[in-house]
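Next up, input32.cif (mmCIF, C-alpha atoms and all ligand atoms):
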data_work
loop_
_atom_site.label_atom_id
_atom_site.label_comp_id
_atom_site.auth_asym_id
_atom_site.auth_seq_id
_atom_site.Cartn_x
_atom_site.Cartn_y
_atom_site.Cartn_z
CA MET A 288 252.84 34.06 -107.83
CA ARG A 289 251.06 34.35 -111.15
CA ILE A 290 247.59 35.85 -111.57
CA THR A 291 245.20 35.03 -114.43
CA PHE A 292 241.89 36.79 -114.87
CA LEU A 293 239.29 34.11 -115.50
CA GLY A 294 236.52 36.70 -115.74
CA THR A 295 236.27 40.46 -115.39
CA GLY A 296 232.58 41.15 -116.07
CA THR A 297 229.76 42.28 -113.88
CA SER A 298 227.00 39.90 -112.74
CA VAL A 299 225.22 39.69 -116.11
CA GLY A 300 228.44 39.39 -118.11
CA VAL A 301 229.43 41.38 -121.20
CA PRO A 302 227.91 41.20 -123.76
CA ALA A 303 224.67 41.31 -121.80
CA VAL A 304 221.86 39.17 -123.16
CA GLY A 305 219.67 41.20 -125.53
CA CYS A 306 221.82 44.35 -125.46
CA ASP A 307 222.84 46.16 -128.66
CA CYS A 308 225.11 48.80 -127.11
CA GLU A 309 228.53 49.58 -128.57
CA THR A 310 230.41 47.54 -125.96
CA CYS A 311 228.14 44.52 -126.24
CA LEU A 312 228.54 44.58 -130.05
CA SER A 313 232.29 45.32 -129.89
CA ASP A 314 234.60 42.87 -131.62
CA ASP A 315 237.47 43.76 -129.28
CA PRO A 316 238.04 40.51 -127.31
CA ARG A 317 238.77 42.64 -124.22
CA ASP A 318 235.12 43.72 -124.26
CA LYS A 319 233.97 40.11 -123.81
CA ARG A 320 233.81 39.61 -120.07
CA LEU A 321 232.81 36.45 -118.26
CA ARG A 322 231.80 36.69 -114.61
CA THR A 323 234.47 37.89 -112.19
CA SER A 324 237.02 35.39 -110.90
CA VAL A 325 240.77 35.07 -110.70
CA LEU A 326 243.30 32.22 -110.67
CA ILE A 327 246.41 32.39 -108.50
CA GLU A 328 249.24 30.00 -109.38
CA HIS A 329 251.88 29.42 -106.74
CA GLU A 330 254.55 26.73 -106.97
CA GLY A 331 252.49 24.72 -109.43
CA ARG A 332 249.30 24.80 -107.32
CA ASN A 333 246.09 26.64 -108.20
CA ILE A 334 243.92 28.77 -105.96
CA ILE A 335 240.80 30.35 -107.39
CA ILE A 336 238.99 33.29 -105.90
CA ASP A 337 235.27 32.61 -106.41
CA ALA A 338 233.69 29.97 -108.65
CA SER A 339 231.79 32.15 -111.08
CA THR A 340 228.70 31.32 -113.08
CA ASP A 341 231.09 30.86 -116.02
CA PHE A 342 233.54 28.58 -114.17
CA ARG A 343 233.16 25.66 -116.61
CA GLN A 344 233.94 27.79 -119.65
CA GLN A 345 236.79 29.54 -117.82
CA ALA A 346 238.38 26.28 -116.71
CA LEU A 347 238.15 24.73 -120.18
CA ARG A 348 239.58 27.87 -121.76
CA ILE A 349 242.81 27.68 -119.75
CA GLY A 350 242.97 23.89 -119.40
CA LEU A 351 242.59 23.98 -115.61
CA LYS A 352 243.11 20.49 -114.18
CA GLN A 353 243.45 20.93 -110.45
CA ILE A 354 242.32 23.31 -107.73
CA ALA A 355 244.13 23.31 -104.40
CA ALA A 356 241.60 25.69 -102.79
CA ILE A 357 238.71 28.03 -103.45
CA LEU A 358 238.47 31.35 -101.62
CA PHE A 359 235.04 32.97 -101.70
CA THR A 360 234.47 36.72 -101.53
CA HIS A 361 230.71 36.41 -100.93
CA SER A 362 227.77 34.28 -101.98
CA HIS A 363 226.18 36.37 -104.73
CA ALA A 364 225.18 34.21 -107.70
CA ASP A 365 227.82 35.52 -110.09
CA HIS A 366 230.57 34.50 -107.63
CA CYS A 367 229.40 31.07 -106.51
CA PHE A 368 227.11 29.50 -109.11
CA GLY A 369 230.08 27.69 -110.64
CA LEU A 370 230.82 25.60 -107.55
CA ASP A 371 228.80 22.69 -108.92
CA ASP A 372 230.92 22.76 -112.09
CA THR A 373 234.12 22.12 -110.14
CA ARG A 374 232.90 18.53 -109.64
CA PRO A 375 235.01 16.90 -112.40
CA ILE A 376 238.10 18.09 -110.52
CA MET A 377 236.73 16.74 -107.23
CA PHE A 378 235.86 13.40 -108.83
CA ARG A 379 239.47 13.06 -110.04
CA HIS A 380 241.40 14.53 -107.15
CA GLY A 381 239.09 14.47 -104.12
CA ALA A 382 237.40 17.11 -102.03
CA ILE A 383 238.49 20.72 -102.45
CA PRO A 384 239.16 22.95 -99.41
CA VAL A 385 236.84 25.97 -99.54
CA PHE A 386 237.41 29.11 -97.48
CA ALA A 387 234.70 31.64 -96.64
CA THR A 388 233.50 33.79 -93.77
CA GLU A 389 230.49 32.68 -91.70
CA THR A 390 228.30 35.26 -93.51
CA THR A 391 229.30 33.77 -96.86
CA TRP A 392 228.85 30.20 -95.58
CA GLN A 393 225.29 31.08 -94.58
CA GLY A 394 224.59 31.98 -98.20
CA LEU A 395 226.44 28.96 -99.58
CA ARG A 396 224.61 26.56 -97.25
CA ARG A 397 221.28 27.96 -98.45
CA ILE A 398 222.16 27.91 -102.18
CA TYR A 399 223.92 24.53 -102.02
CA ALA A 400 221.65 22.82 -99.48
CA TYR A 401 222.10 19.50 -101.32
CA VAL A 402 225.85 19.58 -100.66
CA PHE A 403 225.32 19.85 -96.89
CA GLU A 404 222.71 17.12 -96.45
CA PRO A 405 223.69 14.45 -93.88
CA ALA A 406 223.82 11.72 -96.55
CA PRO A 407 224.37 13.51 -99.87
CA TYR A 408 224.21 11.77 -103.24
CA ALA A 409 227.54 10.60 -104.60
CA GLY A 410 227.47 13.13 -107.44
CA VAL A 411 227.37 16.32 -105.39
CA PRO A 412 230.34 18.68 -105.00
CA ARG A 413 232.78 17.45 -102.36
CA ILE A 414 234.20 20.27 -100.34
CA ILE A 415 236.18 20.68 -97.16
CA PRO A 416 234.66 23.80 -95.57
CA HIS A 417 236.88 26.21 -93.65
CA ARG A 418 235.48 29.16 -91.78
CA ILE A 419 237.67 32.24 -92.07
CA GLU A 420 238.39 33.83 -88.73
CA GLY A 421 241.57 35.74 -89.49
CA ASP A 422 244.79 35.41 -91.45
CA PHE A 423 245.74 31.87 -92.44
CA ASN A 424 248.42 29.99 -94.27
CA LEU A 425 247.67 28.16 -97.51
CA LEU A 426 250.30 26.34 -99.61
CA GLY A 427 252.96 28.38 -97.88
CA LEU A 428 251.22 31.66 -98.69
CA GLN A 429 250.01 34.02 -96.00
CA ILE A 430 246.36 34.84 -96.80
CA GLU A 431 244.91 38.00 -95.30
CA PRO A 432 241.12 38.17 -95.54
CA LEU A 433 239.97 41.80 -95.30
CA THR A 434 236.47 43.21 -95.02
CA VAL A 435 235.04 45.55 -97.64
CA ILE A 436 231.47 46.83 -97.91
CA HIS A 437 229.11 45.90 -100.78
CA GLY A 438 226.06 48.06 -100.07
CA ARG A 439 225.25 46.59 -96.68
CA LEU A 440 226.91 43.22 -97.17
CA PRO A 441 230.41 42.59 -95.82
CA VAL A 442 232.51 41.01 -98.57
CA THR A 443 235.93 39.42 -98.21
CA ALA A 444 238.84 40.99 -100.05
CA TYR A 445 242.10 39.05 -100.04
CA ARG A 446 245.68 40.11 -99.69
CA LEU A 447 248.38 37.59 -100.59
CA ASP A 448 251.83 39.03 -100.19
CA ARG A 449 251.96 42.15 -102.41
CA PHE A 450 248.79 41.25 -104.34
CA ALA A 451 245.29 42.29 -103.28
CA TYR A 452 241.95 41.39 -104.79
CA VAL A 453 239.13 43.75 -103.90
CA THR A 454 235.92 43.08 -105.81
CA ASP A 455 232.25 43.79 -105.14
CA CYS A 456 232.36 46.80 -102.87
CA ASN A 457 231.54 50.47 -102.82
CA VAL A 458 233.45 51.22 -99.61
CA ILE A 459 236.82 50.07 -98.30
CA PRO A 460 236.84 50.72 -94.53
CA ASP A 461 239.84 52.55 -93.06
CA GLU A 462 241.02 49.41 -91.19
CA THR A 463 241.18 47.56 -94.50
CA CYS A 464 242.87 50.47 -96.30
CA ALA A 465 245.54 50.36 -93.61
CA ARG A 466 246.32 46.78 -94.65
CA LEU A 467 246.51 47.55 -98.36
CA SER A 468 249.72 49.54 -98.42
CA ASP A 469 252.89 48.62 -100.31
CA LEU A 470 251.12 46.55 -102.97
CA ASP A 471 252.67 45.55 -106.24
CA LEU A 472 249.24 44.81 -107.73
CA LEU A 473 245.79 45.91 -106.61
CA VAL A 474 242.75 44.50 -108.40
CA ILE A 475 239.73 46.64 -107.67
CA ASP A 476 236.01 46.84 -108.49
CA ALA A 477 235.09 49.50 -111.08
CA LEU A 478 231.60 48.81 -112.39
CA ARG A 479 230.76 51.87 -114.46
CA PHE A 480 230.78 55.70 -114.51
CA LYS A 481 227.40 56.35 -112.87
CA LYS A 482 226.89 55.99 -109.09
CA HIS A 483 225.82 52.55 -107.89
CA PRO A 484 224.60 51.54 -104.42
CA THR A 485 226.85 48.46 -104.07
CA HIS A 486 229.76 48.88 -106.49
CA MET A 487 232.48 51.42 -107.13
CA THR A 488 232.35 53.79 -110.03
CA LEU A 489 235.52 54.32 -112.05
CA ASP A 490 236.11 57.54 -110.09
CA ASP A 491 235.62 55.76 -106.74
CA ALA A 492 238.18 53.13 -107.77
CA LEU A 493 240.65 55.78 -108.95
CA GLY A 494 240.20 57.60 -105.63
CA TYR A 495 241.14 54.48 -103.65
CA ILE A 496 244.05 53.76 -106.00
CA GLU A 497 245.37 57.25 -105.35
CA ARG A 498 245.01 56.72 -101.61
CA LEU A 499 246.52 53.21 -101.50
CA ARG A 500 249.30 53.90 -104.03
CA PRO A 501 249.88 50.37 -105.39
CA ARG A 502 252.62 50.04 -107.99
CA ARG A 503 249.96 48.83 -110.47
CA ALA A 504 246.18 48.64 -110.38
CA LEU A 505 243.76 46.67 -112.54
CA LEU A 506 240.03 47.27 -112.72
CA THR A 507 237.55 44.41 -112.68
CA HIS A 508 233.79 43.56 -112.37
CA ILE A 509 233.15 45.84 -115.33
CA SER A 510 229.81 46.51 -116.96
CA HIS A 511 229.06 47.31 -120.60
CA ASP A 512 229.18 51.04 -119.79
CA ILE A 513 232.98 50.78 -120.00
CA LYS A 514 234.48 50.07 -123.41
CA HIS A 515 238.02 48.81 -123.02
CA ALA A 516 239.95 50.78 -125.63
CA GLU A 517 238.07 54.04 -125.18
CA THR A 518 238.22 54.18 -121.39
CA SER A 519 241.82 52.92 -121.24
CA ARG A 520 243.02 56.15 -122.90
CA SER A 521 241.90 58.30 -119.99
CA LEU A 522 243.47 56.23 -117.18
CA PRO A 523 246.55 57.13 -115.13
CA GLU A 524 249.83 55.45 -116.11
CA ASN A 525 249.69 52.71 -113.43
CA VAL A 526 245.99 51.81 -113.93
CA ARG A 527 244.65 49.42 -116.57
CA ILE A 528 241.36 47.69 -117.23
CA ALA A 529 241.72 43.95 -116.67
CA TYR A 530 240.41 41.59 -119.31
CA ASP A 531 239.66 37.89 -119.47
CA GLY A 532 242.77 35.81 -119.99
CA LEU A 533 245.18 38.52 -118.83
CA THR A 534 248.07 36.88 -116.94
CA LEU A 535 250.75 38.64 -114.93
CA GLU A 536 253.38 37.94 -112.31
CA VAL A 537 253.22 39.64 -108.92
CA GLU A 538 256.55 40.89 -107.61
ZN ZN B 1 229.62 40.38 -108.40
ZN ZN B 2 225.41 46.46 -123.68
ZN ZN B 3 228.14 40.90 -105.28
#
Encoded form (structure tokens):
Amino acid sequence: MRITFLGTGTSVGVPAVGCDCETCLSDDPRDKRLRTSVLIEHEGRNIIIDASTDFRQQALRIGLKQIAAILFTHSHADHCFGLDDTRPIMFRHGAIPVFATETTWQGLRRIYAYVFEPAPYAGVPRIIPHRIEGDFNLLGLQIEPLTVIHGRLPVTAYRLDRFAYVTDCNVIPDETCARLSDLDLLVIDALRFKKHPTHMTLDDALGYIERLRPRRALLTHISHDIKHAETSRSLPENVRIAYDGLTLEVE
């Protein structure tokens, strides 16, 4: 299984529009972060987690041609506003299976009302909706949807074999922690240094990494408060800041 970070930025992206801070003006490509999303390649098939606001740019950047399935974490704009831009793939290859919890479907049905009309126009996204109700099998992979807490909103984290993707949360409940042991790679939310009501700080993320003890951890959903090179120096050996385009194999 190969993981590629399509985007690692917080909801407004980095650089943020109108911001002149050091990170936003940085010429380090690792400080340029599109909205958070990840591609999982398994036996030549592609699964994406979330369809970010920047999906079109992300797909063009890596030459993405097919999507076997989309897994949604939640329906916040930065994670689902790219669904409409997956249409060229649907037009070529047919409807795409989309997996989300009922809470996330409620948001998606509201945002994408035109997709769910009884007789939609031909040009709308074609999806095959699946409601997540527990672990499921996809392309021969066991997918474990796990609940994490994003302020008051339950968000879906995903475990696939020894890889786990845990974005948009400030709390990982004990039941979920119990299912995140023995990981080769943990991807985890780390927004900034200062407390936030719905996201983890860098210290919060490091605390969970210490508790869960993955072999490697990568931080994502990063704001402009974190400058890649500078913050990287202070991280433990097995923790790195993810950046757009980073690709790695999960063992
Ligand atoms: Zn987000
Ligand atoms: Zn900035
Ligand atoms: Zn969110």
What do you get as a PyMOL selection string if you pick all residues at most 7 Å from ligand ZN 3 (chain B), counting all atoms listed in the file? chain A and resi 361+363+437+455
Non-local contacts of Leu470 in chain A (9 Å; all atoms listed in the file; under 3 positions in same chain excluded) as a PyMOL selection string: chain A and resi 448-451+467+473+499-503
Using only C-alpha atoms and all ligand atoms, which protein or nucleic acid residues are at most 6 Å from ligand ZN 2 (chain B), as a ChimeraX atom specification? /A:302-303,306-308,310-311,511
Using C-alpha atoms, can you export the residues from the last selection as a PDB file, in the coordinates of the input?
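After the write, part_3.pdb holds the following:
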ATOM      1  CA  PRO A 302     227.910  41.200-123.760  1.00  0.00           C
ATOM      2  CA  ALA A 303     224.670  41.310-121.800  1.00  0.00           C
ATOM      3  CA  CYS A 306     221.820  44.350-125.460  1.00  0.00           C
ATOM      4  CA  ASP A 307     222.840  46.160-128.660  1.00  0.00           C
ATOM      5  CA  CYS A 308     225.110  48.800-127.110  1.00  0.00           C
ATOM      6  CA  THR A 310     230.410  47.540-125.960  1.00  0.00           C
ATOM      7  CA  CYS A 311     228.140  44.520-126.240  1.00  0.00           C
ATOM      8  CA  HIS A 511     229.060  47.310-120.600  1.00  0.00           C
TER       9      HIS A 511
END
Identify the residues within 12 Å of coordinate (237.3, 42.9, -128.3) (same frame as the file), considering all atoms listed in the file, and give the answer as a list in words.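 Residues close enough to count: Val301, Pro302, Glu309, Thr310, Cys311, Leu312, Ser313, Asp314, Asp315, Pro316, Arg317, Asp318, Lys319, Arg320, Lys514, His515, Ala516, Glu517, Tyr530 and Asp531 of chain A.
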Requested write-out: C-alpha atoms of the selected residues, as an mmCIF file, in the coordinates of the input:
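Output contents, as saved in selection.cif:
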data_model
loop_
_atom_site.group_PDB
_atom_site.id
_atom_site.type_symbol
_atom_site.label_atom_id
_atom_site.label_comp_id
_atom_site.auth_asym_id
_atom_site.auth_seq_id
_atom_site.Cartn_x
_atom_site.Cartn_y
_atom_site.Cartn_z
ATOM 1 C CA VAL A 301 229.430 41.380 -121.200
ATOM 2 C CA PRO A 302 227.910 41.200 -123.760
ATOM 3 C CA GLU A 309 228.530 49.580 -128.570
ATOM 4 C CA THR A 310 230.410 47.540 -125.960
ATOM 5 C CA CYS A 311 228.140 44.520 -126.240
ATOM 6 C CA LEU A 312 228.540 44.580 -130.050
ATOM 7 C CA SER A 313 232.290 45.320 -129.890
ATOM 8 C CA ASP A 314 234.600 42.870 -131.620
ATOM 9 C CA ASP A 315 237.470 43.760 -129.280
ATOM 10 C CA PRO A 316 238.040 40.510 -127.310
ATOM 11 C CA ARG A 317 238.770 42.640 -124.220
ATOM 12 C CA ASP A 318 235.120 43.720 -124.260
ATOM 13 C CA LYS A 319 233.970 40.110 -123.810
ATOM 14 C CA ARG A 320 233.810 39.610 -120.070
ATOM 15 C CA LYS A 514 234.480 50.070 -123.410
ATOM 16 C CA HIS A 515 238.020 48.810 -123.020
ATOM 17 C CA ALA A 516 239.950 50.780 -125.630
ATOM 18 C CA GLU A 517 238.070 54.040 -125.180
ATOM 19 C CA TYR A 530 240.410 41.590 -119.310
ATOM 20 C CA ASP A 531 239.660 37.890 -119.470
#
Please return as a PyMOL selection string the residues found within 10 Å of ligand ZN 1 (chain B), counting all atoms listed in the file. chain A and resi 295-300+322-324+337+339+360-367+437+454-456+476+478+485-486+507-509
Sel. within 9 Å of pt (240.7, 53.5, -113.1), counting all atoms listed in the file, output as an MDAnalysis selection string: chainID A and resid 475 477 488:494 496 504:506 518:519 521:523 526:528
Of the candidates A:Arg289, A:Arg498, A:Arg418, A:Arg379, which one gets nearest to His329 in chain A if we count only C-alpha atoms?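 Closest to His329 in chain A, using only C-alpha atoms: A:Arg289.
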Skip Thr388 in chain A itself and residues of its chain fewer than 6 positions away, then list as a list of chain:residue names all residues within 8 Å of it, counting all atoms listed in the file.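 Residues meeting the cut-off are A:Arg418, A:Ile419, A:Glu420, A:Thr443.
Between Ile513 in chain A and the residues A:Val442, A:Phe480, A:Tyr495, A:Ile415, the shortest atom-to-atom distance, using all atoms listed in the file, involves A:Phe480.
Taking CA of Val474 in chain A as the reference point, CA of Arg413 in chain A is found at 29.5 Å.
Residue nearest Thr434 in chain A within the list A:Arg466, A:His417, A:His483, A:Arg396: A:Arg466 [criterion: smallest interatomic distance, only C-alpha atoms].
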Between A:Ile376, A:Met288, A:Ala465, A:Ala529, single out the one closest to Leu321 in chain A, counting only C-alpha atoms.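 Smallest distance to Leu321 in chain A is found for A:Ala529.
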Starting from 3 Å padding per side, set up an axis-aligned box that covers all listed atoms of range 313-329 of chain A and hand over centre and edge lengths in Å, one decimal, as JSON.
{"center_x": 241.8, "center_y": 37.4, "center_z": -119.2, "size_x": 26.1, "size_y": 21.9, "size_z": 30.9}
